[in-house]
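> See my_file.txt below, with compact mmCIF, C-alpha atoms.
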# COMPACT_ATOMS: atom_id res chain seq x y z
CA GLY R 5 4.04 -13.94 17.38
CA ASN R 6 5.28 -12.34 20.57
CA LYS R 7 8.98 -11.54 20.71
CA ARG R 8 10.94 -11.08 23.92
CA THR R 9 14.20 -9.17 24.15
CA ALA R 10 16.35 -8.90 27.27
CA LEU R 11 17.14 -5.23 27.80
CA HIS R 12 19.19 -5.51 30.99
CA ASP R 13 20.52 -8.44 33.00
CA ASN R 14 23.03 -8.05 35.84
CA SER R 15 22.67 -11.58 37.19
CA SER R 16 26.36 -12.20 36.47
CA SER R 17 27.36 -9.23 38.67
CA PRO R 18 24.51 -8.70 41.16
CA THR R 19 24.30 -5.95 43.74
CA HIS R 20 25.62 -7.40 46.99
CA LEU R 21 23.65 -5.28 49.40
CA LEU R 22 20.79 -2.80 49.25
CA SER R 23 20.37 -0.88 52.49
CA PRO R 24 16.90 0.08 53.84
CA GLY R 25 15.50 3.15 52.07
CA LYS R 26 18.08 2.98 49.29
CA LYS R 27 17.42 2.41 45.58
CA ILE R 28 19.24 1.50 42.40
CA ASP R 29 18.56 3.41 39.17
CA MET R 30 19.28 1.76 35.84
CA GLY R 31 18.89 3.27 32.37
CA VAL R 32 18.02 1.19 29.32
CA ASP R 33 18.35 2.35 25.70
CA PHE R 34 16.63 0.22 23.07
CA ALA R 35 15.37 1.05 19.54
CA LEU R 36 11.75 -0.01 19.00
CA GLU R 37 11.26 -1.13 15.40
CA GLU R 38 7.60 -2.20 15.54
CA SER R 39 4.50 -0.13 16.21
CA GLY R 40 1.62 -1.31 18.38
CA VAL R 41 1.24 -2.32 22.02
CA HIS R 42 4.42 -3.27 23.88
CA VAL R 43 4.87 -4.60 27.40
CA LEU R 44 7.90 -3.83 29.56
CA ILE R 45 8.51 -6.50 32.22
CA CYS R 46 10.68 -5.53 35.17
CA SER R 47 11.68 -8.25 37.60
CA ALA R 48 14.09 -8.48 40.49
CA THR R 49 15.29 -11.46 42.51
CA TYR R 50 16.79 -11.13 45.96
CA ARG R 51 17.44 -12.91 49.23
CA SER R 52 15.98 -11.86 52.54
CA PRO R 53 18.18 -11.56 55.67
CA SER R 54 17.13 -15.11 56.51
CA GLY R 55 18.52 -16.30 53.15
CA ALA R 56 15.16 -17.10 51.51
CA ALA R 57 15.07 -16.49 47.74
CA LYS R 58 12.32 -14.09 46.66
CA SER R 59 11.33 -12.16 43.53
CA VAL R 60 9.13 -9.27 42.49
CA ARG R 61 7.80 -8.44 39.00
CA GLN R 62 5.90 -5.52 37.47
CA PHE R 63 4.37 -5.04 34.01
CA PHE R 64 4.15 -1.72 32.14
CA LYS R 65 2.02 -1.64 28.97
CA PHE R 66 2.44 1.20 26.45
CA ASN R 67 1.58 1.92 22.84
CA VAL R 68 4.09 2.82 20.11
CA SER R 69 2.65 4.71 17.15
CA GLU R 70 4.19 5.46 13.78
CA PRO R 71 5.61 9.02 13.61
CA PHE R 72 5.07 9.16 9.83
CA ARG R 73 2.54 8.02 7.30
CA ILE R 74 4.31 6.92 4.12
CA ASP R 75 2.23 6.79 0.95
CA PRO R 76 4.02 5.36 -2.12
CA LYS R 77 2.80 5.86 -5.69
CA LEU R 78 4.00 4.08 -8.81
CA SER R 79 4.55 5.04 -12.44
CA VAL R 80 5.91 2.49 -14.91
CA GLN R 81 7.96 3.98 -17.74
CA GLY R 82 9.39 1.32 -20.01
CA HIS R 83 12.10 -0.49 -18.06
CA SER R 84 11.90 1.94 -15.14
CA VAL R 85 9.66 2.51 -12.15
CA LEU R 86 9.19 5.92 -10.57
CA ILE R 87 8.33 5.68 -6.89
CA GLU R 88 7.06 8.88 -5.32
CA ALA R 89 6.75 8.62 -1.55
CA THR R 90 4.88 11.31 0.38
CA ILE R 91 5.86 11.54 4.05
CA ARG R 92 3.40 13.04 6.55
CA ASN R 93 4.18 13.87 10.18
CA THR R 94 1.42 12.08 12.12
CA THR R 95 2.57 13.03 15.62
CA ARG R 96 0.20 15.22 17.59
CA SER R 97 2.48 17.90 18.94
CA ARG R 98 6.08 17.96 17.73
CA PRO R 99 8.04 18.72 14.57
CA LEU R 100 10.47 16.10 13.31
CA LEU R 101 13.79 16.55 11.54
CA VAL R 102 14.20 14.08 8.68
CA GLU R 103 17.94 13.66 8.29
CA ASP R 104 17.95 11.15 5.46
CA GLY R 105 15.63 9.15 3.22
CA LYS R 106 16.72 6.37 0.90
CA PHE R 107 15.30 3.46 -1.02
CA LEU R 108 16.84 0.07 -0.27
CA VAL R 109 16.38 -2.47 -3.06
CA ARG R 110 15.65 -6.01 -1.97
CA ASP R 111 17.69 -7.47 -4.84
CA PRO R 112 20.37 -5.03 -6.12
CA SER R 113 21.37 -7.51 -8.83
CA ILE R 114 18.18 -6.92 -10.87
CA CYS R 115 17.78 -3.12 -10.73
CA GLN R 116 19.52 0.18 -10.04
CA VAL R 117 18.28 3.05 -7.85
CA GLU R 118 18.56 6.75 -8.67
CA ASP R 119 17.56 9.60 -6.34
CA ILE R 120 15.47 12.09 -8.36
CA ARG R 121 14.09 14.26 -5.56
CA LYS R 122 15.52 13.92 -2.08
CA PRO R 123 15.09 16.69 0.52
CA HIS R 124 18.08 17.14 2.83
CA ARG R 125 17.57 17.64 6.59
CA GLU R 126 13.96 18.69 6.27
CA TYR R 127 11.93 19.83 9.29
CA ILE R 128 8.35 18.54 9.06
CA ALA R 129 5.75 20.22 11.25
CA VAL R 130 2.71 18.37 12.54
CA ASP R 131 0.55 17.16 9.61
CA GLU R 132 2.94 18.62 7.03
CA VAL R 133 4.18 16.63 4.03
CA VAL R 134 7.44 16.22 2.11
CA SER R 135 8.00 13.93 -0.86
CA TYR R 136 10.80 11.77 -2.22
CA LEU R 137 11.17 10.52 -5.77
CA PHE R 138 13.24 7.50 -6.78
CA ARG R 139 13.78 5.77 -10.14
CA LEU R 140 14.32 2.02 -10.26
CA THR R 141 15.71 0.81 -13.59
CA PHE R 142 15.31 -2.85 -14.58
CA PRO R 143 17.47 -4.02 -17.53
CA ASN R 144 15.00 -6.93 -17.90
CA LYS R 145 11.41 -5.65 -18.07
CA ASP R 146 9.97 -9.09 -17.28
CA THR R 147 11.87 -9.02 -13.99
CA LEU R 148 10.04 -5.84 -13.03
CA TYR R 149 6.57 -7.34 -13.38
CA SER R 150 7.57 -10.58 -11.69
CA ARG R 151 8.55 -8.82 -8.46
CA CYS R 152 5.96 -8.34 -5.74
CA ASP R 153 8.39 -6.77 -3.26
CA LEU R 154 10.81 -4.14 -4.52
CA GLY R 155 12.40 -3.07 -1.24
CA TRP R 156 12.02 -0.49 1.51
CA LEU R 157 11.95 3.25 1.97
CA GLU R 158 14.07 4.03 5.03
CA LEU R 159 13.86 7.31 6.94
CA SER R 160 16.20 8.53 9.67
CA TRP R 161 14.99 11.39 11.85
CA ARG R 162 15.39 13.20 15.15
CA GLY R 163 12.73 14.41 17.54
CA SER R 164 12.54 17.82 19.19
CA GLY R 165 14.79 16.58 22.00
CA GLY R 166 17.44 15.30 19.60
CA ASP R 167 16.44 11.66 20.10
CA PRO R 168 17.19 9.63 16.94
CA GLY R 169 14.75 7.34 15.16
CA ARG R 170 14.51 5.18 12.07
CA ILE R 171 11.60 3.68 10.19
CA ARG R 172 11.26 1.37 7.19
CA ALA R 173 8.23 1.05 4.90
CA GLU R 174 8.08 -1.91 2.54
CA VAL R 175 7.01 -1.20 -1.05
CA ARG R 176 5.08 -4.09 -2.60
CA VAL R 177 3.04 -4.50 -5.75
CA ASP R 178 -0.21 -4.62 -3.76
CA SER R 179 0.63 -1.31 -2.04
CA TRP R 180 1.43 0.56 -5.25
CA LYS R 181 -0.94 3.29 -6.38
CA ARG R 182 -0.85 3.73 -10.12
CA VAL R 183 -0.37 7.22 -11.57
CA ALA R 184 -0.39 8.25 -15.21
CA GLY R 185 2.61 6.87 -17.04
CA LYS R 186 3.70 4.88 -20.05
CA GLY R 187 2.14 1.48 -20.67
CA PRO R 188 -1.37 0.05 -21.18
CA GLU R 189 -4.42 2.04 -20.10
CA ILE R 190 -8.14 1.30 -19.97
CA SER R 191 -10.96 3.86 -20.00
CA LEU R 192 -14.74 3.79 -20.26
CA VAL R 193 -16.20 5.01 -23.57
CA SER R 194 -19.95 4.52 -23.10
CA VAL R 195 -22.47 3.19 -20.60
CA PRO R 196 -26.30 3.12 -21.03
CA ASN R 197 -28.39 5.89 -19.51
CA ARG R 198 -30.59 3.39 -17.72
CA VAL R 199 -29.44 0.22 -15.95
CA ILE R 200 -32.04 -2.22 -14.60
CA LEU R 201 -31.46 -4.64 -11.73
CA GLU R 202 -30.72 -8.21 -12.88
CA GLU R 203 -30.81 -7.24 -16.58
CA ASP R 204 -27.60 -7.41 -18.58
CA PHE R 205 -26.31 -4.24 -20.22
CA ALA R 206 -23.42 -3.37 -22.54
CA VAL R 207 -20.49 -1.03 -21.93
CA ARG R 208 -17.68 -0.07 -24.26
CA VAL R 209 -14.12 0.28 -22.99
CA ARG R 210 -11.05 1.59 -24.78
CA VAL R 211 -7.61 0.08 -24.25
CA SER R 212 -4.65 2.25 -25.19
CA ASN R 213 -0.94 1.64 -25.52
CA ARG R 214 1.06 4.56 -24.09
CA GLY R 215 4.32 2.63 -24.25
CA ASP R 216 7.20 2.85 -26.68
CA SER R 217 6.57 -0.49 -28.43
CA SER R 218 3.69 -2.77 -29.43
CA LEU R 219 1.88 -4.65 -26.68
CA ARG R 220 -0.36 -7.73 -26.69
CA LEU R 221 -3.25 -6.73 -24.47
CA ARG R 222 -6.15 -8.51 -22.79
CA VAL R 223 -9.24 -7.14 -21.00
CA LEU R 224 -10.46 -8.81 -17.80
CA CYS R 225 -13.84 -8.39 -16.14
CA GLU R 226 -13.67 -9.97 -12.70
CA ARG R 227 -16.33 -10.85 -10.17
CA SER R 228 -16.24 -8.44 -7.26
CA GLU R 229 -16.90 -9.68 -3.73
CA ASP R 230 -18.28 -6.35 -2.55
CA GLY R 231 -19.38 -4.80 -5.85
CA GLY R 232 -22.86 -4.94 -7.33
CA VAL R 233 -21.93 -5.38 -11.01
CA HIS R 234 -20.59 -8.68 -12.37
CA PRO R 235 -19.56 -9.97 -15.80
CA PHE R 236 -22.37 -11.50 -17.88
CA GLY R 237 -21.04 -14.31 -20.02
CA ARG R 238 -17.44 -13.86 -21.12
CA SER R 239 -15.04 -12.24 -18.65
CA ASP R 240 -11.73 -12.52 -20.58
CA PHE R 241 -11.18 -10.77 -23.92
CA ALA R 242 -8.03 -11.00 -26.04
CA VAL R 243 -7.52 -7.58 -27.64
CA GLY R 244 -4.49 -8.65 -29.68
CA GLU R 245 -1.50 -6.53 -30.59
CA VAL R 246 -1.86 -2.79 -30.09
CA ALA R 247 0.80 -0.57 -31.63
CA SER R 248 2.47 2.22 -29.68
CA GLY R 249 0.07 5.19 -29.45
CA ASP R 250 -2.95 3.22 -30.76
CA SER R 251 -6.22 2.24 -29.09
CA LYS R 252 -8.91 -0.40 -29.53
CA ASP R 253 -12.53 -0.48 -28.33
CA ILE R 254 -14.07 -3.57 -26.72
CA ASP R 255 -17.77 -4.21 -25.94
CA LEU R 256 -18.52 -5.99 -22.64
CA SER R 257 -21.71 -7.41 -21.13
CA LEU R 258 -22.35 -6.83 -17.43
CA ILE R 259 -25.20 -7.56 -15.04
CA PRO R 260 -26.10 -5.71 -11.82
CA ILE R 261 -27.05 -7.83 -8.82
CA TYR R 262 -27.65 -5.04 -6.29
CA PRO R 263 -29.77 -1.86 -6.67
CA GLY R 264 -28.58 1.68 -5.99
CA VAL R 265 -25.30 3.39 -6.78
CA GLN R 266 -22.62 0.91 -7.87
CA LYS R 267 -19.03 1.29 -9.09
CA LEU R 268 -17.46 -0.28 -12.17
CA ALA R 269 -14.29 -1.20 -10.35
CA ASN R 270 -13.70 -4.69 -11.74
CA LEU R 271 -12.42 -3.90 -15.27
CA PHE R 272 -8.71 -4.36 -16.03
CA VAL R 273 -6.24 -4.43 -18.91
CA VAL R 274 -3.12 -6.59 -18.80
CA ASP R 275 -0.04 -6.97 -20.96
CA GLU R 276 0.05 -10.64 -21.96
CA ASP R 277 3.83 -10.61 -21.62
CA SER R 278 3.49 -9.41 -18.01
CA PRO R 279 0.16 -10.88 -16.82
CA SER R 280 0.78 -10.28 -13.11
CA GLN R 281 0.40 -6.50 -13.50
CA LYS R 282 -3.29 -5.57 -13.80
CA ILE R 283 -4.17 -1.97 -14.71
CA SER R 284 -7.59 -0.77 -13.57
CA LEU R 285 -9.76 2.06 -14.89
CA ALA R 286 -8.11 5.43 -14.42
CA GLU R 287 -11.46 6.74 -13.16
CA THR R 288 -14.03 4.47 -11.55
CA PRO R 289 -17.50 5.72 -12.57
CA ASP R 290 -20.71 5.39 -10.56
CA ILE R 291 -23.83 3.92 -12.16
CA PHE R 292 -27.35 3.92 -10.74
CA VAL R 293 -29.09 0.54 -10.82
CA GLU R 294 -32.87 0.80 -10.84
CA GLN R 295 -35.09 -1.78 -9.22
CA VAL R 296 -38.13 -2.01 -11.52
CA HIS R 297 -41.41 -3.21 -10.00
CA ASP R 298 -43.92 -5.36 -11.88
CA GLU R 299 -46.18 -2.47 -12.99
CA ASP R 300 -43.16 -0.52 -14.23
CA GLN R 301 -41.99 -3.55 -16.18
CA VAL R 302 -45.39 -3.86 -17.89
CA GLN R 303 -45.31 -0.19 -18.93
CA MET R 304 -41.78 -0.59 -20.31
CA GLU R 305 -42.83 -3.62 -22.38
CA GLU R 306 -45.89 -1.78 -23.76
CA GLN R 307 -43.70 1.10 -24.85
The structure given in the file should be rewritten as structure tokens.


Amino acid sequence: GNKRTALHDNSSSPTHLLSPGKKIDMGVDFALEESGVHVLICSATYRSPSGAAKSVRQFFKFNVSEPFRIDPKLSVQGHSVLIEATIRNTTRSRPLLVEDGKFLVRDPSICQVEDIRKPHREYIAVDEVVSYLFRLTFPNKDTLYSRCDLGWLELSWRGSGGDPGRIRAEVRVDSWKRVAGKGPEISLVSVPNRVILEEDFAVRVRVSNRGDSSLRLRVLCERSEDGGVHPFGRSDFAVGEVASGDSKDIDLSLIPIYPGVQKLANLFVVDEDSPSQKISLAETPDIFVEQVHDEDQVQMEEQ
């Protein structure tokens, strides 16, 4: 909702008299912590020489944009999480001096933070990028996968005029981007050369355990709201225990419901001990779904 903050109020010590042609200048310093459209409301109350109470009000609308684009990526390695954050200067015309960058954990009692790569007082030109790398270590691995919000990346910077600024970017499970690391992986082994609209077809996927210990894995094939390929029949497959460094192949049945180029983006592998963390295909392949007309279908059956 809308929030209002009083920036200046001298009602307790008002100006007693303002002569004709004179003015009063007042400076206000306030840190804006939210981007988007803001409205500055300036109002003044006064009394005319006859003693009548009057007021005047003006509105000034302006937009506040983010000076940086922060893109976090995740790599799970056993009991640790590597968070690499790339920082891009998105202003149009001025370099920014990043004085400090740190990761603030939401719950320090469940994990520890280590700075792996942390530039110090880095000037970032327009559209240039710097990166930070942090390691979060969780003594209890189950705690890691049960968290949907790890904390914030906080940046402190100064503009070309020396004006200070600060920004926070929340890191959540749904904003993570998975990169290659230790843990379960799923890849596509085979897909038929020809896929026909509204006819089921089989694909083979391979689940691998890149972790340091055995994992109980499960393959999920979910219905996609915007995708054209859905599961046909079973959509949940228990792979069983997969030893460290081993792989297992699973055959799945799918059915295309839209013609044209479609993506297989609805296949996942999960660790049954941490079911909230779904790992998708490392590469999402395109398949071409043919729409066969009646005469083509007859020729196919005759062959």

> For the atom pair CA of Leu44 in chain R and CA of Trp161 in chain R, what is the interatomic distance in Å to one decimal place?

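Spanning CA of Leu44 in chain R to CA of Trp161 in chain R is a straight-line distance of 24.4 Å.
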
> Can you pull out every residue within 6 Å of range 170-175 of chain R, counting all atoms listed in the file, but drop anything in the same chain fewer than 2 positions away, and send it as number ranges by chain?

R: 154-160

> Tell me, in Å to one decimal, how far CA of Arg125 in chain R is from CA of Arg98 in chain R.

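Atom-to-atom, CA of Arg125 in chain R to CA of Arg98 in chain R, that is 16.0 Å.
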
> Give me, please, the distance in Å between CA of Gly244 in chain R and CA of Gly187 in chain R, quoted to one decimal.

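Going from CA of Gly244 in chain R over to CA of Gly187 in chain R, I get 15.1 Å.
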
> Once you count all atoms listed in the file, what closest atom pair and distance in Å to one decimal does each residue of range 151-232 of chain R within 6 Å of range 247-271 of chain R have, with rows by chain and rising residue number, as a Markdown table?


| residue | atom | partner | partner_atom | distance |
| --- | --- | --- | --- | --- |
| R:Leu201 | CA | R:Pro260 | CA | 5.5 |
| R:Glu202 | CA | R:Pro260 | CA | 5.4 |
| R:Glu203 | CA | R:Ile259 | CA | 5.8 |
| R:Asp204 | CA | R:Ile259 | CA | 4.3 |
| R:Phe205 | CA | R:Leu258 | CA | 5.5 |
| R:Ala206 | CA | R:Ser257 | CA | 4.6 |
| R:Val207 | CA | R:Leu256 | CA | 5.4 |
| R:Arg208 | CA | R:Asp255 | CA | 4.5 |
| R:Val209 | CA | R:Ile254 | CA | 5.4 |
| R:Arg210 | CA | R:Asp253 | CA | 4.4 |
| R:Val211 | CA | R:Lys252 | CA | 5.5 |
| R:Ser212 | CA | R:Ser251 | CA | 4.2 |
| R:Asn213 | CA | R:Gly249 | CA | 5.4 |
| R:Arg214 | CA | R:Gly249 | CA | 5.5 |
| R:Gly215 | CA | R:Ser248 | CA | 5.8 |
| R:Asp216 | CA | R:Ser248 | CA | 5.6 |
| R:Ser217 | CA | R:Ser248 | CA | 5.1 |
| R:Ser218 | CA | R:Ala247 | CA | 4.2 |
| R:Leu224 | CA | R:Leu271 | CA | 5.9 |
| R:Cys225 | CA | R:Leu271 | CA | 4.8 |
| R:Glu226 | CA | R:Asn270 | CA | 5.4 |
| R:Gly232 | CA | R:Tyr262 | CA | 4.9 |

> Write the selection just made, keeping C-alpha atoms, as an mmCIF file, keeping the file's coordinate frame?


data_model
loop_
_atom_site.group_PDB
_atom_site.id
_atom_site.type_symbol
_atom_site.label_atom_id
_atom_site.label_comp_id
_atom_site.auth_asym_id
_atom_site.auth_seq_id
_atom_site.Cartn_x
_atom_site.Cartn_y
_atom_site.Cartn_z
ATOM 1 C CA LEU R 201 -31.460 -4.640 -11.730
ATOM 2 C CA GLU R 202 -30.720 -8.210 -12.880
ATOM 3 C CA GLU R 203 -30.810 -7.240 -16.580
ATOM 4 C CA ASP R 204 -27.600 -7.410 -18.580
ATOM 5 C CA PHE R 205 -26.310 -4.240 -20.220
ATOM 6 C CA ALA R 206 -23.420 -3.370 -22.540
ATOM 7 C CA VAL R 207 -20.490 -1.030 -21.930
ATOM 8 C CA ARG R 208 -17.680 -0.070 -24.260
ATOM 9 C CA VAL R 209 -14.120 0.280 -22.990
ATOM 10 C CA ARG R 210 -11.050 1.590 -24.780
ATOM 11 C CA VAL R 211 -7.610 0.080 -24.250
ATOM 12 C CA SER R 212 -4.650 2.250 -25.190
ATOM 13 C CA ASN R 213 -0.940 1.640 -25.520
ATOM 14 C CA ARG R 214 1.060 4.560 -24.090
ATOM 15 C CA GLY R 215 4.320 2.630 -24.250
ATOM 16 C CA ASP R 216 7.200 2.850 -26.680
ATOM 17 C CA SER R 217 6.570 -0.490 -28.430
ATOM 18 C CA SER R 218 3.690 -2.770 -29.430
ATOM 19 C CA LEU R 224 -10.460 -8.810 -17.800
ATOM 20 C CA CYS R 225 -13.840 -8.390 -16.140
ATOM 21 C CA GLU R 226 -13.670 -9.970 -12.700
ATOM 22 C CA GLY R 232 -22.860 -4.940 -7.330
#

> With distances taken over all atoms listed in the file, which of R:Ser239, R:Ser54, R:Ser284, R:Asn93 is nearest to Asp75 in chain R?

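Among the listed residues, R:Asn93 lies closest to Asp75 in chain R.
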
> When distances are computed from only C-alpha atoms, which of R:Ser16, R:Ser97, R:Gln62, R:Asn144 shows the smallest separation from Gln116 in chain R?

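Ranked by minimum distance to Gln116 in chain R, first place goes to R:Asn144.
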
> Let me make sure I understand: among R:Ile291, R:Val32, R:Val134, R:Val193, which one has the smallest atom-to-atom distance to Thr90 in chain R if we use all atoms listed in the file?

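Checking each candidate against Thr90 in chain R, we get R:Val134 as the closest.
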
> For Gly166 in chain R, which of R:Ala10, R:Val102, R:Ile190, R:Ala56 is the closest residue, counting only C-alpha atoms?

R:Val102

> Using all atoms listed in the file, find the one residue out of R:Val223, R:Ile120, R:Ile128, R:Leu100 that sits nearest to Ser164 in chain R.

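Under the stated criterion, the closest residue is R:Leu100.
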
> Just checking: using all atoms listed in the file, which residue out of R:Ser59, R:Thr94, R:Asn14, R:Ser84 ends up closest to Pro71 in chain R?

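Using all atoms listed in the file, Pro71 in chain R sits closest to R:Thr94.
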